[in-house]
Number of protein chains: 2
Amino acid sequence: MAEPDERDRDDRLYFEDFHVGQRFTSATHVIDTAQIKAFARQFDPQPFHLDEEAAKGTMFGRLVASGWHTAAITMRLQVESGLPIAGGMIGVGGEMSWPRPTLPGDVLRVVSEIVEVTPSRSRPDRGVVRVRSETRNQRNEIVQILDAKLFVPRRTPTAPG
Amino acid sequence: MAEPDERDRDDRLYFEDFHVGQRFTSATHVIDTAQIKAFARQFDPQPFHLDEEAAKGTMFGRLVASGWHTAAITMRLQVESGLPIAGGMIGVGGEMSWPRPTLPGDVLRVVSEIVEVTPSRSRPDRGVVRVRSETRNQRNEIVQILDAKLFVPRRTPTAPG
């Protein structure tokens, strides 16, 4: 076979390809009750993520997805269809918020905007790109905002200096 | 049966119980290669989380856990043994970073400190508690820092006004 990985890699974006204001939109993911409960059993076993009846007596009043589940789905969408970064999506960290919960049946997608592009002072082979990603549902409501810093390799390393 | 939930609830902490400087330490969780790959297949399918050989050619140089996997395990530890908050752990959002990757075989635990306790201006029945949680491995190295704001209900609502 030809080298499909090589071709994929060529389609991906390097540090030089990014500029402030660029926007990306991912494909969609439908989250259902079974997914919400399965994630919760493994990582966030609280009544409002596990059981419809028990959820009624909580602050949410109904079954909602764990915020970390929303974050994990967001990552999946970014990796597969959102931000095609050369070398992969490697986060240094970031700031996140969940303005409203993700509900069973929600159709999620991620809308990202590049907000900062910073060459590394110590590493000529990479830089840091700051991305603000809004995870939105089918009503265009924001369920998660993630403002993350990502390591992005340069296509051509700069001269040391 | 007696009401075990009621008793559990009594052991949990309300807004009035928190003060700056309080510390909590969770139980531990051992993360292994199978868990790392299973999480990655579902939520973060990148070579450095999926395959030892493929990981060698990446920035990490070896198989590492997804940062979101570290975050999800942190949540599990907090819910079950870390922060016993009345009404559950409900995050508004926060700031996070991953100073180093989580590796197969790491034994993770979460050390938390209360850094801010803020009554709600609009809601007499709750407040916001800011918690800085360090997820540490068996060498006491920090793999994740999460500075999160949590909704915490009051035991006794304040008078409105």
# chains A, B, ... in the order shown; residues from 1 in each chain; ligands from 1
call {"tool": "residues_around", "arguments": {"residues": "Met75 of chain B", "least_positions_apart": "5", "cutoff": "9 Å", "atoms": "only C-alpha atoms", "output": "ChimeraX atom specification"}}
result
/A:43-44,68 /B:70,80,82,89
call {"tool": "residues_around", "arguments": {"residues": "Lys149 of chain A", "least_positions_apart": "2", "cutoff": "7 Å", "atoms": "only C-alpha atoms", "output": "list of chain:residue names"}}
result
A:Gly91, A:Val92, A:Gly93, A:Gly94, A:Val128, A:Val129, A:Arg130, A:Val131, A:Phe151
call {"tool": "interface_residues", "arguments": {"of": "chain A", "to": "chain B", "cutoff": "10 Å", "atoms": "only C-alpha atoms", "output": "ChimeraX atom specification"}}
result
/A:39-48,57-60,66-69,71-80,87-100,144-149,151,153
call {"tool": "closest_residue", "arguments": {"among": "B:Leu50, B:Phe15, B:Leu108, B:Leu103", "to": "Arg136 of chain B", "atoms": "only C-alpha atoms"}}
result
B:Leu108
call {"tool": "residues_around", "arguments": {"residues": "Phe24 of chain A", "least_positions_apart": "4", "cutoff": "8 Å", "atoms": "only C-alpha atoms", "output": "VMD selection string"}}
result
chain A and resid 82 to 83 111 to 113
call {"tool": "write_last_selection", "arguments": {"atoms": "N, CA and C atoms", "output": "PDB file, in the first residue's frame"}}
result
ATOM      1  N   GLY A  82     -12.133  18.254  13.874  1.00  0.00           N
ATOM      2  CA  GLY A  82     -12.116  19.666  14.243  1.00  0.00           C
ATOM      3  C   GLY A  82     -10.844  20.361  13.814  1.00  0.00           C
ATOM      4  N   LEU A  83      -9.786  20.108  14.554  1.00  0.00           N
ATOM      5  CA  LEU A  83      -8.524  20.811  14.339  1.00  0.00           C
ATOM      6  C   LEU A  83      -7.449  19.841  13.850  1.00  0.00           C
ATOM      7  N   VAL A 111     -17.143  24.408  17.688  1.00  0.00           N
ATOM      8  CA  VAL A 111     -16.775  25.553  16.862  1.00  0.00           C
ATOM      9  C   VAL A 111     -15.559  26.199  17.520  1.00  0.00           C
ATOM     10  N   SER A 112     -14.449  26.259  16.786  1.00  0.00           N
ATOM     11  CA  SER A 112     -13.198  26.738  17.381  1.00  0.00           C
ATOM     12  C   SER A 112     -12.707  27.989  16.674  1.00  0.00           C
ATOM     13  N   GLU A 113     -12.069  28.838  17.449  1.00  0.00           N
ATOM     14  CA  GLU A 113     -11.443  30.019  16.865  1.00  0.00           C
ATOM     15  C   GLU A 113     -10.036  30.163  17.438  1.00  0.00           C
TER      16      GLU A 113
END
call {"tool": "select_by_dssp", "arguments": {"residues": "segment 23-158 of chain B", "states": "helix (DSSP H, G or I)", "output": "NGL selection string"}}
result
:B and (33-43 or 47-50 or 52-55 or 67-82)
call {"tool": "select_by_dssp", "arguments": {"residues": "chain A", "states": "strand (DSSP E)", "output": "ChimeraX atom specification"}}
result
/A:23-30,90-97,107-119,126-136,142-153
call {"tool": "residues_around", "arguments": {"residues": "Arg126 of chain B", "least_positions_apart": "5", "cutoff": "10 Å", "atoms": "only C-alpha atoms", "output": "mmCIF file with N, CA and C atoms, in the first residue's frame"}}
result
data_model
loop_
_atom_site.group_PDB
_atom_site.id
_atom_site.type_symbol
_atom_site.label_atom_id
_atom_site.label_comp_id
_atom_site.auth_asym_id
_atom_site.auth_seq_id
_atom_site.Cartn_x
_atom_site.Cartn_y
_atom_site.Cartn_z
ATOM 1 N N TYR B 14 -21.391 21.065 53.809
ATOM 2 C CA TYR B 14 -22.173 22.171 53.268
ATOM 3 C C TYR B 14 -21.282 23.408 53.178
ATOM 4 N N PHE B 15 -21.813 24.438 52.532
ATOM 5 C CA PHE B 15 -21.059 25.673 52.337
ATOM 6 C C PHE B 15 -20.453 26.186 53.651
ATOM 7 N N GLU B 16 -21.250 26.121 54.741
ATOM 8 C CA GLU B 16 -20.795 26.634 56.040
ATOM 9 C C GLU B 16 -19.590 25.861 56.581
ATOM 10 N N THR B 118 -16.971 31.758 48.594
ATOM 11 C CA THR B 118 -17.703 32.970 48.209
ATOM 12 C C THR B 118 -19.211 32.752 48.295
ATOM 13 N N PRO B 119 -19.902 33.490 49.189
ATOM 14 C CA PRO B 119 -21.362 33.383 49.218
ATOM 15 C C PRO B 119 -21.936 33.869 47.892
ATOM 16 N N SER B 120 -23.048 33.309 47.484
ATOM 17 C CA SER B 120 -23.698 33.773 46.265
ATOM 18 C C SER B 120 -24.455 35.055 46.562
ATOM 19 N N ARG B 121 -24.361 36.029 45.625
ATOM 20 C CA ARG B 121 -25.087 37.279 45.839
ATOM 21 C C ARG B 121 -26.570 37.101 45.540
ATOM 22 N N PHE B 151 -20.359 24.704 42.890
ATOM 23 C CA PHE B 151 -21.560 25.109 43.619
ATOM 24 C C PHE B 151 -21.662 24.269 44.879
ATOM 25 N N VAL B 152 -21.874 24.906 46.041
ATOM 26 C CA VAL B 152 -22.052 24.136 47.266
ATOM 27 C C VAL B 152 -23.289 24.658 48.004
ATOM 28 N N PRO B 153 -24.242 23.790 48.326
ATOM 29 C CA PRO B 153 -25.452 24.242 49.017
ATOM 30 C C PRO B 153 -25.163 24.610 50.472
ATOM 31 N N ARG B 154 -25.930 25.567 50.989
ATOM 32 C CA ARG B 154 -25.845 25.902 52.411
ATOM 33 C C ARG B 154 -26.695 24.923 53.213
ATOM 34 N N ARG B 155 -26.267 24.649 54.429
ATOM 35 C CA ARG B 155 -27.086 23.855 55.341
ATOM 36 C C ARG B 155 -28.317 24.678 55.720
ATOM 37 N N THR B 156 -28.069 25.959 56.007
ATOM 38 C CA THR B 156 -29.150 26.866 56.395
ATOM 39 C C THR B 156 -29.110 28.072 55.463
ATOM 40 N N PRO B 157 -30.120 28.221 54.601
ATOM 41 C CA PRO B 157 -30.136 29.376 53.698
ATOM 42 C C PRO B 157 -30.097 30.681 54.475
ATOM 43 N N THR B 158 -29.397 31.661 53.921
ATOM 44 C CA THR B 158 -29.356 32.981 54.566
ATOM 45 C C THR B 158 -30.646 33.716 54.278
#
call {"tool": "closest_residue", "arguments": {"among": "A:Ala86, A:Leu150, A:Arg109, A:Val20", "to": "Glu134 of chain A", "atoms": "only C-alpha atoms"}}
result
A:Arg109
call {"tool": "closest_residue", "arguments": {"among": "B:Gly61, B:Pro84, B:Pro104, B:Pro124", "to": "Asp32 of chain B", "atoms": "only C-alpha atoms"}}
result
B:Pro104
call {"tool": "atom_distance", "arguments": {"atom1": "atom CA of Lys37 of chain B", "atom2": "atom CA of Thr102 of chain B"}}
result
12.6 Å
call {"tool": "residues_around", "arguments": {"residues": "Phe18 of chain A", "least_positions_apart": "5", "cutoff": "9 Å", "atoms": "only C-alpha atoms", "output": "ChimeraX atom specification"}}
result
/A:13,114,117,129
call {"tool": "decode", "arguments": {"residues": "segment 7-58 of chain A", "atoms": "C-alpha atoms", "output": "mmCIF file, in the first residue's frame"}}
result
data_model
loop_
_atom_site.group_PDB
_atom_site.id
_atom_site.type_symbol
_atom_site.label_atom_id
_atom_site.label_comp_id
_atom_site.auth_asym_id
_atom_site.auth_seq_id
_atom_site.Cartn_x
_atom_site.Cartn_y
_atom_site.Cartn_z
ATOM 1 C CA ARG A 7 -0.694 11.843 2.940
ATOM 2 C CA ASP A 8 -2.771 12.558 6.055
ATOM 3 C CA ARG A 9 0.152 14.292 7.609
ATOM 4 C CA ASP A 10 0.470 16.608 4.646
ATOM 5 C CA ASP A 11 -3.112 17.781 5.118
ATOM 6 C CA ARG A 12 -2.457 18.749 8.688
ATOM 7 C CA LEU A 13 -1.646 22.196 9.938
ATOM 8 C CA TYR A 14 1.698 23.384 11.243
ATOM 9 C CA PHE A 15 2.452 26.407 13.416
ATOM 10 C CA GLU A 16 3.074 28.551 10.319
ATOM 11 C CA ASP A 17 -0.441 27.784 9.050
ATOM 12 C CA PHE A 18 -2.261 29.331 11.999
ATOM 13 C CA HIS A 19 -3.407 32.920 12.391
ATOM 14 C CA VAL A 20 -5.693 34.714 14.816
ATOM 15 C CA GLY A 21 -9.328 34.638 13.745
ATOM 16 C CA GLN A 22 -9.213 31.312 11.884
ATOM 17 C CA ARG A 23 -12.301 29.208 12.542
ATOM 18 C CA PHE A 24 -12.946 25.476 12.436
ATOM 19 C CA THR A 25 -16.160 23.491 12.847
ATOM 20 C CA SER A 26 -16.208 19.807 13.720
ATOM 21 C CA ALA A 27 -18.615 17.065 12.703
ATOM 22 C CA THR A 28 -21.430 16.221 15.164
ATOM 23 C CA HIS A 29 -21.935 13.620 17.864
ATOM 24 C CA VAL A 30 -25.294 12.526 19.266
ATOM 25 C CA ILE A 31 -25.144 11.788 22.979
ATOM 26 C CA ASP A 32 -27.781 9.473 24.430
ATOM 27 C CA THR A 33 -28.856 8.241 27.866
ATOM 28 C CA ALA A 34 -26.867 5.003 27.623
ATOM 29 C CA GLN A 35 -23.626 6.890 26.890
ATOM 30 C CA ILE A 36 -24.285 9.345 29.726
ATOM 31 C CA LYS A 37 -24.840 6.564 32.277
ATOM 32 C CA ALA A 38 -21.902 4.449 31.047
ATOM 33 C CA PHE A 39 -19.467 7.370 31.369
ATOM 34 C CA ALA A 40 -20.891 8.267 34.788
ATOM 35 C CA ARG A 41 -20.577 4.712 36.118
ATOM 36 C CA GLN A 42 -16.912 4.747 35.166
ATOM 37 C CA PHE A 43 -15.838 8.291 35.998
ATOM 38 C CA ASP A 44 -18.527 10.428 37.648
ATOM 39 C CA PRO A 45 -20.938 8.251 39.649
ATOM 40 C CA GLN A 46 -23.368 10.900 40.892
ATOM 41 C CA PRO A 47 -27.185 10.548 40.928
ATOM 42 C CA PHE A 48 -27.793 13.301 38.339
ATOM 43 C CA HIS A 49 -25.602 11.414 35.827
ATOM 44 C CA LEU A 50 -26.765 7.870 36.653
ATOM 45 C CA ASP A 51 -30.517 7.705 37.121
ATOM 46 C CA GLU A 52 -33.501 9.719 35.867
ATOM 47 C CA GLU A 53 -35.533 9.306 39.064
ATOM 48 C CA ALA A 54 -32.704 10.115 41.465
ATOM 49 C CA ALA A 55 -31.760 13.128 39.314
ATOM 50 C CA LYS A 56 -35.134 14.764 40.030
ATOM 51 C CA GLY A 57 -34.123 15.567 43.590
ATOM 52 C CA THR A 58 -30.863 17.290 42.601
#
